[in-house]
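A.B. asks: Next up is a structure, given as structure tokens.
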Amino acid sequence: MSSISGGFLPVRIKVKNAETGASVEMELETENTIDEVIESAATFWSKDMGAYVLRKGKKVLRGGNSLKDAGIRADDVLELIPDPEGG
Amino acid sequence: MDLDSVSDAKVLMIGAGALGNEVAKDLVLSGFRKVTIVDMDHVVGSNLNRCLFFTPDDARKKRTKAEVLATGMRRLSTTAGPNSIVGRIQDQSDRIFSEHDVVFGCLDNIEARIHANSHSYAAGRTYIDGGMEGMLGRAMVSRPPDGACLQCGMNRSHAKVASMRFSCTGRDVVFHEPKLAAEITTTSVISAVMVREALKLISGHPEMMLKNAFYYDGQRNISEEMEIPLDPECPIHMSPRGTTGKRKRFKST
């Protein structure tokens, strides 16, 4: 289990790694942003520097949004996927 | 498909690497004749295993990718009249976007993508962007003034690597697990989707086009449409200038 801050942790979600199928549970505050979740998950899996997006179902989540604004609730499963930028 | 309109359409293709080669092939074999190719690089040996139009002689003689691609397109169709511009898209006149009907991004870096996306939007032109990484690929259509643009789907992780080139032959290489170079079957899938979207647009069937991003994962055998919501804080949509160009309309057949 991984946590972004040491404060009050009201929301526990699962983040899946699209590249490996692995998953990690994260405890977060609703004010944490999607950008912070992406960075935390990428760090947890020691991802190479690159562009990633987080999605819930078929919807890509906006980086600057808080979990609350993005409508993320406890037990939601999000997926971290690379955003391919090669050509 | 309206082949007369396709034949008359002016296409701006930015980037002549692996994706650019496949898009160029699909464009010319689909009936597009007026294609402007912009790329600043020359051919190197490591391009050859995934670039249809490049030869060892092109690499030895350091021929420019844009010119080699234009020559290759003429070889496939004697009626094709591609133009090549050797240089960065950022160094071209803004008018280049409004002078074309549709813009293809076959780029290897986010900075140039952002430039192409924003300038296409300002000119009122549809921007079709493709990206690949090993067996992962993505194609996205931005159609001003409706819906999200490419930049709406970007976040802080994009900003951190915006100036890096995601090339398997250049510097600043970024690989995702598992480590794979540009992979031709993924390139073929993404280029086909990109050109098909242009065919719909030019033939007057925008209602059939992708509204969001097409995502392809060849490892997991997944291909799906993903929703990219319009970001009201996206600089493209916040700009007071917005879209100044008139959206080009194509007749429906």
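Chain labels run A, B, ... following the order of the structure tokens; each chain numbers its residues from 1, and ligands are numbered from 1 in the order shown.
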When DSSP works through the backbone of this structure, what residues of chain A end up as strand (DSSP E), shown as a PDB file with N, CA and C atoms, in the first residue's frame?
C.D. replies:
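Result went into part_8.pdb, see below:
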```
ATOM      1  N   SER A   2       0.444   2.254  -0.700  1.00  0.00           N
ATOM      2  CA  SER A   2       1.232   3.466  -0.829  1.00  0.00           C
ATOM      3  C   SER A   2       0.366   4.666  -0.469  1.00  0.00           C
ATOM      4  N   SER A   3       0.975   5.687   0.142  1.00  0.00           N
ATOM      5  CA  SER A   3       0.183   6.882   0.420  1.00  0.00           C
ATOM      6  C   SER A   3       0.947   8.124   0.020  1.00  0.00           C
ATOM      7  N   VAL A  11      -9.779   8.202   1.298  1.00  0.00           N
ATOM      8  CA  VAL A  11     -10.129   7.428   0.101  1.00  0.00           C
ATOM      9  C   VAL A  11      -9.057   6.400  -0.215  1.00  0.00           C
ATOM     10  N   ARG A  12      -9.482   5.152  -0.380  1.00  0.00           N
ATOM     11  CA  ARG A  12      -8.540   4.125  -0.815  1.00  0.00           C
ATOM     12  C   ARG A  12      -8.956   3.661  -2.218  1.00  0.00           C
ATOM     13  N   ILE A  13      -8.013   3.745  -3.145  1.00  0.00           N
ATOM     14  CA  ILE A  13      -8.312   3.329  -4.521  1.00  0.00           C
ATOM     15  C   ILE A  13      -7.264   2.319  -4.971  1.00  0.00           C
ATOM     16  N   LYS A  14      -7.542   1.677  -6.074  1.00  0.00           N
ATOM     17  CA  LYS A  14      -6.561   0.750  -6.655  1.00  0.00           C
ATOM     18  C   LYS A  14      -6.096   1.327  -7.993  1.00  0.00           C
ATOM     19  N   VAL A  15      -4.782   1.334  -8.192  1.00  0.00           N
ATOM     20  CA  VAL A  15      -4.240   1.774  -9.482  1.00  0.00           C
ATOM     21  C   VAL A  15      -3.582   0.577 -10.150  1.00  0.00           C
ATOM     22  N   LYS A  16      -3.981   0.322 -11.384  1.00  0.00           N
ATOM     23  CA  LYS A  16      -3.408  -0.791 -12.137  1.00  0.00           C
ATOM     24  C   LYS A  16      -2.345  -0.286 -13.105  1.00  0.00           C
ATOM     25  N   ASN A  17      -1.326  -1.106 -13.275  1.00  0.00           N
ATOM     26  CA  ASN A  17      -0.268  -0.803 -14.223  1.00  0.00           C
ATOM     27  C   ASN A  17      -0.606  -1.512 -15.534  1.00  0.00           C
ATOM     28  N   SER A  23      -0.951  -4.204  -9.689  1.00  0.00           N
ATOM     29  CA  SER A  23      -1.791  -3.139  -9.136  1.00  0.00           C
ATOM     30  C   SER A  23      -1.281  -2.745  -7.755  1.00  0.00           C
ATOM     31  N   VAL A  24      -1.627  -1.545  -7.352  1.00  0.00           N
ATOM     32  CA  VAL A  24      -1.229  -1.053  -6.037  1.00  0.00           C
ATOM     33  C   VAL A  24      -2.417  -0.302  -5.429  1.00  0.00           C
ATOM     34  N   GLU A  25      -2.597  -0.486  -4.136  1.00  0.00           N
ATOM     35  CA  GLU A  25      -3.648   0.272  -3.457  1.00  0.00           C
ATOM     36  C   GLU A  25      -3.037   1.557  -2.922  1.00  0.00           C
ATOM     37  N   MET A  26      -3.762   2.649  -3.096  1.00  0.00           N
ATOM     38  CA  MET A  26      -3.265   3.944  -2.629  1.00  0.00           C
ATOM     39  C   MET A  26      -4.312   4.578  -1.727  1.00  0.00           C
ATOM     40  N   GLU A  27      -3.828   5.170  -0.646  1.00  0.00           N
ATOM     41  CA  GLU A  27      -4.718   5.916   0.239  1.00  0.00           C
ATOM     42  C   GLU A  27      -4.474   7.396   0.004  1.00  0.00           C
ATOM     43  N   LEU A  28      -5.548   8.107  -0.263  1.00  0.00           N
ATOM     44  CA  LEU A  28      -5.405   9.493  -0.715  1.00  0.00           C
ATOM     45  C   LEU A  28      -6.434  10.395  -0.060  1.00  0.00           C
ATOM     46  N   TYR A  52       2.375   9.769 -19.196  1.00  0.00           N
ATOM     47  CA  TYR A  52       1.402   8.769 -18.764  1.00  0.00           C
ATOM     48  C   TYR A  52       0.047   9.446 -18.565  1.00  0.00           C
ATOM     49  N   VAL A  53      -0.989   8.658 -18.720  1.00  0.00           N
ATOM     50  CA  VAL A  53      -2.320   9.156 -18.360  1.00  0.00           C
ATOM     51  C   VAL A  53      -2.978   8.139 -17.435  1.00  0.00           C
ATOM     52  N   LEU A  54      -3.934   8.643 -16.688  1.00  0.00           N
ATOM     53  CA  LEU A  54      -4.690   7.808 -15.764  1.00  0.00           C
ATOM     54  C   LEU A  54      -6.119   7.781 -16.272  1.00  0.00           C
ATOM     55  N   ARG A  55      -6.681   6.605 -16.330  1.00  0.00           N
ATOM     56  CA  ARG A  55      -8.051   6.543 -16.815  1.00  0.00           C
ATOM     57  C   ARG A  55      -8.949   5.776 -15.858  1.00  0.00           C
ATOM     58  N   LYS A  56     -10.210   6.163 -15.899  1.00  0.00           N
ATOM     59  CA  LYS A  56     -11.223   5.418 -15.159  1.00  0.00           C
ATOM     60  C   LYS A  56     -12.221   4.932 -16.207  1.00  0.00           C
ATOM     61  N   LYS A  59     -12.613   6.763 -19.706  1.00  0.00           N
ATOM     62  CA  LYS A  59     -12.411   8.207 -19.630  1.00  0.00           C
ATOM     63  C   LYS A  59     -11.014   8.549 -19.111  1.00  0.00           C
ATOM     64  N   VAL A  60     -10.295   9.379 -19.848  1.00  0.00           N
ATOM     65  CA  VAL A  60      -8.987   9.858 -19.404  1.00  0.00           C
ATOM     66  C   VAL A  60      -9.206  10.988 -18.404  1.00  0.00           C
ATOM     67  N   VAL A  77     -11.173   1.692  -9.336  1.00  0.00           N
ATOM     68  CA  VAL A  77      -9.966   1.137  -9.951  1.00  0.00           C
ATOM     69  C   VAL A  77      -9.586   2.037 -11.124  1.00  0.00           C
ATOM     70  N   LEU A  78      -8.399   2.592 -11.056  1.00  0.00           N
ATOM     71  CA  LEU A  78      -7.888   3.451 -12.124  1.00  0.00           C
ATOM     72  C   LEU A  78      -6.750   2.709 -12.818  1.00  0.00           C
ATOM     73  N   GLU A  79      -6.468   3.097 -14.040  1.00  0.00           N
ATOM     74  CA  GLU A  79      -5.395   2.431 -14.770  1.00  0.00           C
ATOM     75  C   GLU A  79      -4.391   3.448 -15.277  1.00  0.00           C
ATOM     76  N   LEU A  80      -3.118   3.158 -15.021  1.00  0.00           N
ATOM     77  CA  LEU A  80      -2.034   4.022 -15.493  1.00  0.00           C
ATOM     78  C   LEU A  80      -1.540   3.482 -16.819  1.00  0.00           C
ATOM     79  N   ILE A  81      -1.635   4.294 -17.867  1.00  0.00           N
ATOM     80  CA  ILE A  81      -1.184   3.825 -19.175  1.00  0.00           C
ATOM     81  C   ILE A  81      -0.201   4.826 -19.782  1.00  0.00           C
ATOM     82  N   PRO A  82       0.806   4.306 -20.483  1.00  0.00           N
ATOM     83  CA  PRO A  82       1.723   5.227 -21.158  1.00  0.00           C
ATOM     84  C   PRO A  82       0.973   5.937 -22.283  1.00  0.00           C
TER      85      PRO A  82
END
```
A.B. asks: Using only C-alpha atoms, which protein or nucleic acid residues come within 7 Å of Ile37 in chain B? Drop anything in the same chain fewer than 3 positions from it, and give the result as a PyMOL selection string.
C.D. replies: chain B and resi 12-14+66+83-85
A.B. asks: Skip range 182-194 of chain B itself and residues of its chain fewer than 5 positions away, then list as an mmCIF file with N, CA and C atoms, in the first residue's frame all residues within 9 Å of it, counting only C-alpha atoms.
C.D. replies:
```cif
data_model
loop_
_atom_site.group_PDB
_atom_site.id
_atom_site.type_symbol
_atom_site.label_atom_id
_atom_site.label_comp_id
_atom_site.auth_asym_id
_atom_site.auth_seq_id
_atom_site.Cartn_x
_atom_site.Cartn_y
_atom_site.Cartn_z
ATOM 1 N N GLY A 86 6.053 8.399 -29.484
ATOM 2 C CA GLY A 86 7.036 8.168 -30.542
ATOM 3 C C GLY A 86 6.397 8.274 -31.909
ATOM 4 N N GLY A 87 7.236 8.479 -32.912
ATOM 5 C CA GLY A 87 6.684 8.579 -34.260
ATOM 6 C C GLY A 87 7.642 7.994 -35.267
ATOM 7 N N ALA B 18 9.068 6.743 -38.948
ATOM 8 C CA ALA B 18 8.383 5.471 -39.153
ATOM 9 C C ALA B 18 6.895 5.686 -39.433
ATOM 10 N N LEU B 19 6.263 6.501 -38.600
ATOM 11 C CA LEU B 19 4.834 6.760 -38.781
ATOM 12 C C LEU B 19 4.582 7.546 -40.072
ATOM 13 N N GLY B 20 5.447 8.499 -40.345
ATOM 14 C CA GLY B 20 5.316 9.300 -41.564
ATOM 15 C C GLY B 20 5.404 8.448 -42.821
ATOM 16 N N ASN B 21 6.299 7.450 -42.821
ATOM 17 C CA ASN B 21 6.415 6.555 -43.967
ATOM 18 C C ASN B 21 5.112 5.800 -44.209
ATOM 19 N N GLU B 22 4.549 5.266 -43.142
ATOM 20 C CA GLU B 22 3.314 4.479 -43.283
ATOM 21 C C GLU B 22 2.133 5.370 -43.669
ATOM 22 N N VAL B 23 2.052 6.549 -43.065
ATOM 23 C CA VAL B 23 0.963 7.475 -43.398
ATOM 24 C C VAL B 23 1.088 7.902 -44.869
ATOM 25 N N ALA B 24 2.312 8.181 -45.308
ATOM 26 C CA ALA B 24 2.527 8.594 -46.702
ATOM 27 C C ALA B 24 2.073 7.502 -47.665
ATOM 28 N N ASP B 26 -0.152 5.111 -47.072
ATOM 29 C CA ASP B 26 -1.621 5.003 -47.023
ATOM 30 C C ASP B 26 -2.293 6.182 -47.728
ATOM 31 N N ASN B 49 14.746 -0.533 -40.858
ATOM 32 C CA ASN B 49 13.923 -1.725 -40.620
ATOM 33 C C ASN B 49 12.454 -1.405 -40.410
ATOM 34 N N ARG B 50 12.085 -0.135 -40.384
ATOM 35 C CA ARG B 50 10.670 0.186 -40.176
ATOM 36 C C ARG B 50 10.183 1.340 -41.049
ATOM 37 N N CYS B 51 10.971 1.671 -42.049
ATOM 38 C CA CYS B 51 10.573 2.782 -42.921
ATOM 39 C C CYS B 51 10.591 2.323 -44.376
ATOM 40 N N PHE B 104 -1.635 16.224 -40.460
ATOM 41 C CA PHE B 104 -1.232 14.974 -39.808
ATOM 42 C C PHE B 104 -0.005 15.219 -38.933
ATOM 43 N N CYS B 106 2.910 13.265 -37.305
ATOM 44 C CA CYS B 106 3.633 11.977 -37.246
ATOM 45 C C CYS B 106 4.938 12.253 -36.512
ATOM 46 N N ILE B 128 -4.869 15.469 -36.977
ATOM 47 C CA ILE B 128 -4.899 14.024 -36.700
ATOM 48 C C ILE B 128 -3.504 13.628 -36.231
ATOM 49 N N ASP B 129 -3.411 13.253 -34.962
ATOM 50 C CA ASP B 129 -2.105 12.976 -34.355
ATOM 51 C C ASP B 129 -1.953 11.477 -34.094
ATOM 52 N N GLY B 130 -0.758 10.983 -34.323
ATOM 53 C CA GLY B 130 -0.468 9.580 -34.005
ATOM 54 C C GLY B 130 0.763 9.477 -33.134
ATOM 55 N N GLY B 131 0.791 8.477 -32.270
ATOM 56 C CA GLY B 131 1.962 8.239 -31.427
ATOM 57 C C GLY B 131 2.100 6.759 -31.161
ATOM 58 N N MET B 132 3.336 6.290 -31.020
ATOM 59 C CA MET B 132 3.573 4.869 -30.772
ATOM 60 C C MET B 132 4.692 4.692 -29.769
ATOM 61 N N GLU B 133 4.663 3.564 -29.141
ATOM 62 C CA GLU B 133 5.740 3.167 -28.230
ATOM 63 C C GLU B 133 5.680 1.650 -28.185
ATOM 64 N N GLY B 134 6.595 0.994 -28.898
ATOM 65 C CA GLY B 134 6.543 -0.463 -28.946
ATOM 66 C C GLY B 134 5.211 -0.932 -29.494
ATOM 67 N N MET B 135 4.522 -1.744 -28.727
ATOM 68 C CA MET B 135 3.243 -2.282 -29.201
ATOM 69 C C MET B 135 2.043 -1.444 -28.767
ATOM 70 N N LEU B 136 2.321 -0.260 -28.223
ATOM 71 C CA LEU B 136 1.237 0.654 -27.848
ATOM 72 C C LEU B 136 1.125 1.749 -28.897
ATOM 73 N N GLY B 137 -0.088 2.123 -29.208
ATOM 74 C CA GLY B 137 -0.274 3.207 -30.154
ATOM 75 C C GLY B 137 -1.519 4.008 -29.829
ATOM 76 N N ARG B 138 -1.524 5.247 -30.318
ATOM 77 C CA ARG B 138 -2.671 6.124 -30.081
ATOM 78 C C ARG B 138 -2.873 7.020 -31.308
ATOM 79 N N ALA B 139 -4.129 7.196 -31.680
ATOM 80 C CA ALA B 139 -4.448 8.178 -32.721
ATOM 81 C C ALA B 139 -5.523 9.084 -32.148
ATOM 82 N N MET B 140 -5.384 10.382 -32.396
ATOM 83 C CA MET B 140 -6.387 11.306 -31.881
ATOM 84 C C MET B 140 -6.746 12.345 -32.935
ATOM 85 N N VAL B 141 -8.029 12.658 -32.994
ATOM 86 C CA VAL B 141 -8.518 13.662 -33.936
ATOM 87 C C VAL B 141 -8.981 14.888 -33.153
ATOM 88 N N SER B 167 12.454 9.155 -29.876
ATOM 89 C CA SER B 167 12.907 8.465 -31.066
ATOM 90 C C SER B 167 13.785 7.304 -30.653
ATOM 91 N N CYS B 168 13.755 6.234 -31.429
ATOM 92 C CA CYS B 168 14.638 5.111 -31.087
ATOM 93 C C CYS B 168 15.979 5.275 -31.762
ATOM 94 N N LEU B 199 -9.932 10.332 -44.623
ATOM 95 C CA LEU B 199 -10.821 9.952 -45.726
ATOM 96 C C LEU B 199 -12.271 10.275 -45.385
ATOM 97 N N PHE B 214 -8.204 6.976 -30.198
ATOM 98 C CA PHE B 214 -8.178 5.542 -30.456
ATOM 99 C C PHE B 214 -6.904 4.995 -29.812
ATOM 100 N N TYR B 215 -7.067 4.015 -28.960
ATOM 101 C CA TYR B 215 -5.918 3.471 -28.234
ATOM 102 C C TYR B 215 -5.739 2.016 -28.632
ATOM 103 N N TYR B 216 -4.512 1.637 -28.900
ATOM 104 C CA TYR B 216 -4.223 0.271 -29.348
ATOM 105 C C TYR B 216 -3.103 -0.327 -28.504
ATOM 106 N N ASP B 217 -3.353 -1.513 -27.978
ATOM 107 C CA ASP B 217 -2.342 -2.230 -27.199
ATOM 108 C C ASP B 217 -2.174 -3.608 -27.827
ATOM 109 N N GLY B 218 -1.135 -3.740 -28.617
ATOM 110 C CA GLY B 218 -0.908 -4.985 -29.346
ATOM 111 C C GLY B 218 -0.524 -6.146 -28.460
#
```
A.B. asks: Suppose you want the space between CA of Ser163 in chain B and CA of Gly50 in chain A; what is it in Å?
C.D. replies: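 These atoms are spaced 11.2 Å apart.
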A.B. asks: List every residue of chain A that DSSP, applied to the backbone of this structure, assigns to helix (DSSP H, G or I), and report them as a PyMOL selection string.
C.D. replies: chain A and resi 34-44
A.B. asks: Could the residues in this selection be written to a file with N, CA and C atoms, as a short mmCIF file (atom, residue, chain, number, x, y, z; two decimals), in the first residue's frame?
C.D. replies:
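Output file part.cif follows:
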```
data_model
loop_
_atom_site.label_atom_id
_atom_site.label_comp_id
_atom_site.auth_asym_id
_atom_site.auth_seq_id
_atom_site.Cartn_x
_atom_site.Cartn_y
_atom_site.Cartn_z
N ILE A 34 -4.96 14.30 -9.78
CA ILE A 34 -4.67 13.18 -10.68
C ILE A 34 -3.18 13.19 -11.05
N ASP A 35 -2.62 14.40 -11.24
CA ASP A 35 -1.18 14.52 -11.52
C ASP A 35 -0.37 13.84 -10.41
N GLU A 36 -0.77 14.06 -9.17
CA GLU A 36 -0.04 13.47 -8.04
C GLU A 36 -0.18 11.95 -8.02
N VAL A 37 -1.34 11.46 -8.38
CA VAL A 37 -1.53 10.00 -8.43
C VAL A 37 -0.64 9.41 -9.52
N ILE A 38 -0.60 10.07 -10.68
CA ILE A 38 0.24 9.58 -11.78
C ILE A 38 1.70 9.53 -11.33
N GLU A 39 2.16 10.62 -10.71
CA GLU A 39 3.57 10.67 -10.29
C GLU A 39 3.87 9.62 -9.23
N SER A 40 2.95 9.44 -8.30
CA SER A 40 3.18 8.46 -7.23
C SER A 40 3.22 7.04 -7.78
N ALA A 41 2.29 6.74 -8.67
CA ALA A 41 2.25 5.39 -9.23
C ALA A 41 3.48 5.13 -10.10
N ALA A 42 3.87 6.14 -10.89
CA ALA A 42 5.05 5.99 -11.75
C ALA A 42 6.30 5.78 -10.90
N THR A 43 6.38 6.50 -9.79
CA THR A 43 7.53 6.33 -8.88
C THR A 43 7.49 4.95 -8.22
N PHE A 44 6.31 4.53 -7.78
CA PHE A 44 6.17 3.23 -7.11
C PHE A 44 6.67 2.11 -8.01
#
```
A.B. asks: How far is it from CA of His115 in chain B to CA of Gln90 in chain B, in Å with one decimal?
C.D. replies: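 For CA of His115 in chain B relative to CA of Gln90 in chain B, the distance reads 6.8 Å.
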A.B. asks: Can you tell me which residues surround Glu67 in chain B at a distance of at most 10 Å, considering only C-alpha atoms, apart from same-chain residues fewer than 2 positions away, and format the answer as a list in words?
C.D. replies: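 Contacts, with the query itself left out: Ala16, Ile37, Val38, Asp39, His42, Arg63, Thr64, Lys65, Leu69, Ala70, Thr71, Gly72, Met73, Pro82, Asn83, Ser84, Ile85 and Val86 of chain B.
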A.B. asks: Kindly save the residues from that selection, with C-alpha atoms included, as a PDB file, in the first residue's frame.
C.D. replies:
```pdb
ATOM      1  CA  ALA B  16       8.645  11.673 -41.918  1.00  0.00           C
ATOM      2  CA  ILE B  37       5.814  16.834 -45.988  1.00  0.00           C
ATOM      3  CA  VAL B  38       7.738  18.726 -43.290  1.00  0.00           C
ATOM      4  CA  ASP B  39      10.689  17.100 -41.534  1.00  0.00           C
ATOM      5  CA  HIS B  42      18.035  12.931 -42.671  1.00  0.00           C
ATOM      6  CA  ARG B  63      19.326  12.281 -47.839  1.00  0.00           C
ATOM      7  CA  THR B  64      16.616  14.198 -46.062  1.00  0.00           C
ATOM      8  CA  LYS B  65      13.598  12.203 -44.948  1.00  0.00           C
ATOM      9  CA  LEU B  69       9.423  10.324 -48.809  1.00  0.00           C
ATOM     10  CA  ALA B  70       8.203  12.648 -51.563  1.00  0.00           C
ATOM     11  CA  THR B  71      10.205  10.688 -54.130  1.00  0.00           C
ATOM     12  CA  GLY B  72       8.786   7.412 -52.811  1.00  0.00           C
ATOM     13  CA  MET B  73       5.219   8.697 -53.046  1.00  0.00           C
ATOM     14  CA  PRO B  82       4.021  15.806 -52.935  1.00  0.00           C
ATOM     15  CA  ASN B  83       6.113  18.773 -51.780  1.00  0.00           C
ATOM     16  CA  SER B  84       8.871  18.470 -49.231  1.00  0.00           C
ATOM     17  CA  ILE B  85      10.051  21.065 -46.744  1.00  0.00           C
ATOM     18  CA  VAL B  86      13.226  20.378 -44.822  1.00  0.00           C
TER      19      VAL B  86
END
```
A.B. asks: When you look at Pro10 in chain A with a cut-off of 12 Å (counting only C-alpha atoms), what residues show up, excluding the ones that are within fewer than 6 positions of it in the same chain? I need them as a list in words.
C.D. replies: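 Here the qualifying residues turn out to be Ser3, Met26, Glu27, Leu28, Glu29, Thr30, Glu31, Asn32, Leu67, Lys68, Ile72, Arg73, Ala74 and Asp75 of chain A.
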A.B. asks: Output N, CA and C atoms of each residue in that selection to a file, as an mmCIF file, in the first residue's frame.
C.D. replies:
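Printed below is again-v1.cif as written:
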```
data_model
loop_
_atom_site.group_PDB
_atom_site.id
_atom_site.type_symbol
_atom_site.label_atom_id
_atom_site.label_comp_id
_atom_site.auth_asym_id
_atom_site.auth_seq_id
_atom_site.Cartn_x
_atom_site.Cartn_y
_atom_site.Cartn_z
ATOM 1 N N SER A 3 0.975 5.687 0.142
ATOM 2 C CA SER A 3 0.183 6.882 0.420
ATOM 3 C C SER A 3 0.947 8.124 0.020
ATOM 4 N N MET A 26 -3.762 2.649 -3.096
ATOM 5 C CA MET A 26 -3.265 3.944 -2.629
ATOM 6 C C MET A 26 -4.312 4.578 -1.727
ATOM 7 N N GLU A 27 -3.828 5.170 -0.646
ATOM 8 C CA GLU A 27 -4.718 5.916 0.239
ATOM 9 C C GLU A 27 -4.474 7.396 0.004
ATOM 10 N N LEU A 28 -5.548 8.107 -0.263
ATOM 11 C CA LEU A 28 -5.405 9.493 -0.715
ATOM 12 C C LEU A 28 -6.434 10.395 -0.060
ATOM 13 N N GLU A 29 -6.121 11.675 -0.116
ATOM 14 C CA GLU A 29 -7.134 12.654 0.271
ATOM 15 C C GLU A 29 -7.873 13.087 -0.990
ATOM 16 N N THR A 30 -9.093 13.485 -0.815
ATOM 17 C CA THR A 30 -9.884 13.852 -1.999
ATOM 18 C C THR A 30 -9.334 15.101 -2.686
ATOM 19 N N GLU A 31 -8.468 15.839 -1.963
ATOM 20 C CA GLU A 31 -7.868 17.038 -2.569
ATOM 21 C C GLU A 31 -6.622 16.704 -3.380
ATOM 22 N N ASN A 32 -6.110 15.478 -3.255
ATOM 23 C CA ASN A 32 -4.970 15.092 -4.091
ATOM 24 C C ASN A 32 -5.384 15.162 -5.560
ATOM 25 N N LEU A 67 -9.146 14.503 -6.906
ATOM 26 C CA LEU A 67 -9.923 13.260 -6.957
ATOM 27 C C LEU A 67 -11.415 13.570 -6.821
ATOM 28 N N LYS A 68 -11.685 14.539 -5.957
ATOM 29 C CA LYS A 68 -13.090 14.916 -5.737
ATOM 30 C C LYS A 68 -13.712 15.436 -7.037
ATOM 31 N N ILE A 72 -13.769 10.613 -8.249
ATOM 32 C CA ILE A 72 -13.175 9.350 -7.787
ATOM 33 C C ILE A 72 -13.687 9.028 -6.384
ATOM 34 N N ARG A 73 -14.089 7.793 -6.203
ATOM 35 C CA ARG A 73 -14.623 7.356 -4.912
ATOM 36 C C ARG A 73 -13.829 6.176 -4.391
ATOM 37 N N ALA A 74 -14.048 5.868 -3.140
ATOM 38 C CA ALA A 74 -13.363 4.732 -2.513
ATOM 39 C C ALA A 74 -13.601 3.466 -3.339
ATOM 40 N N ASP A 75 -12.529 2.671 -3.431
ATOM 41 C CA ASP A 75 -12.553 1.382 -4.134
ATOM 42 C C ASP A 75 -12.600 1.495 -5.658
#
```
A.B. asks: Could you tell me how far CA of Glu207 in chain B lies from CA of Ser118 in chain B, in Å and to one decimal?
C.D. replies: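 Those two atoms sit 22.5 Å apart.
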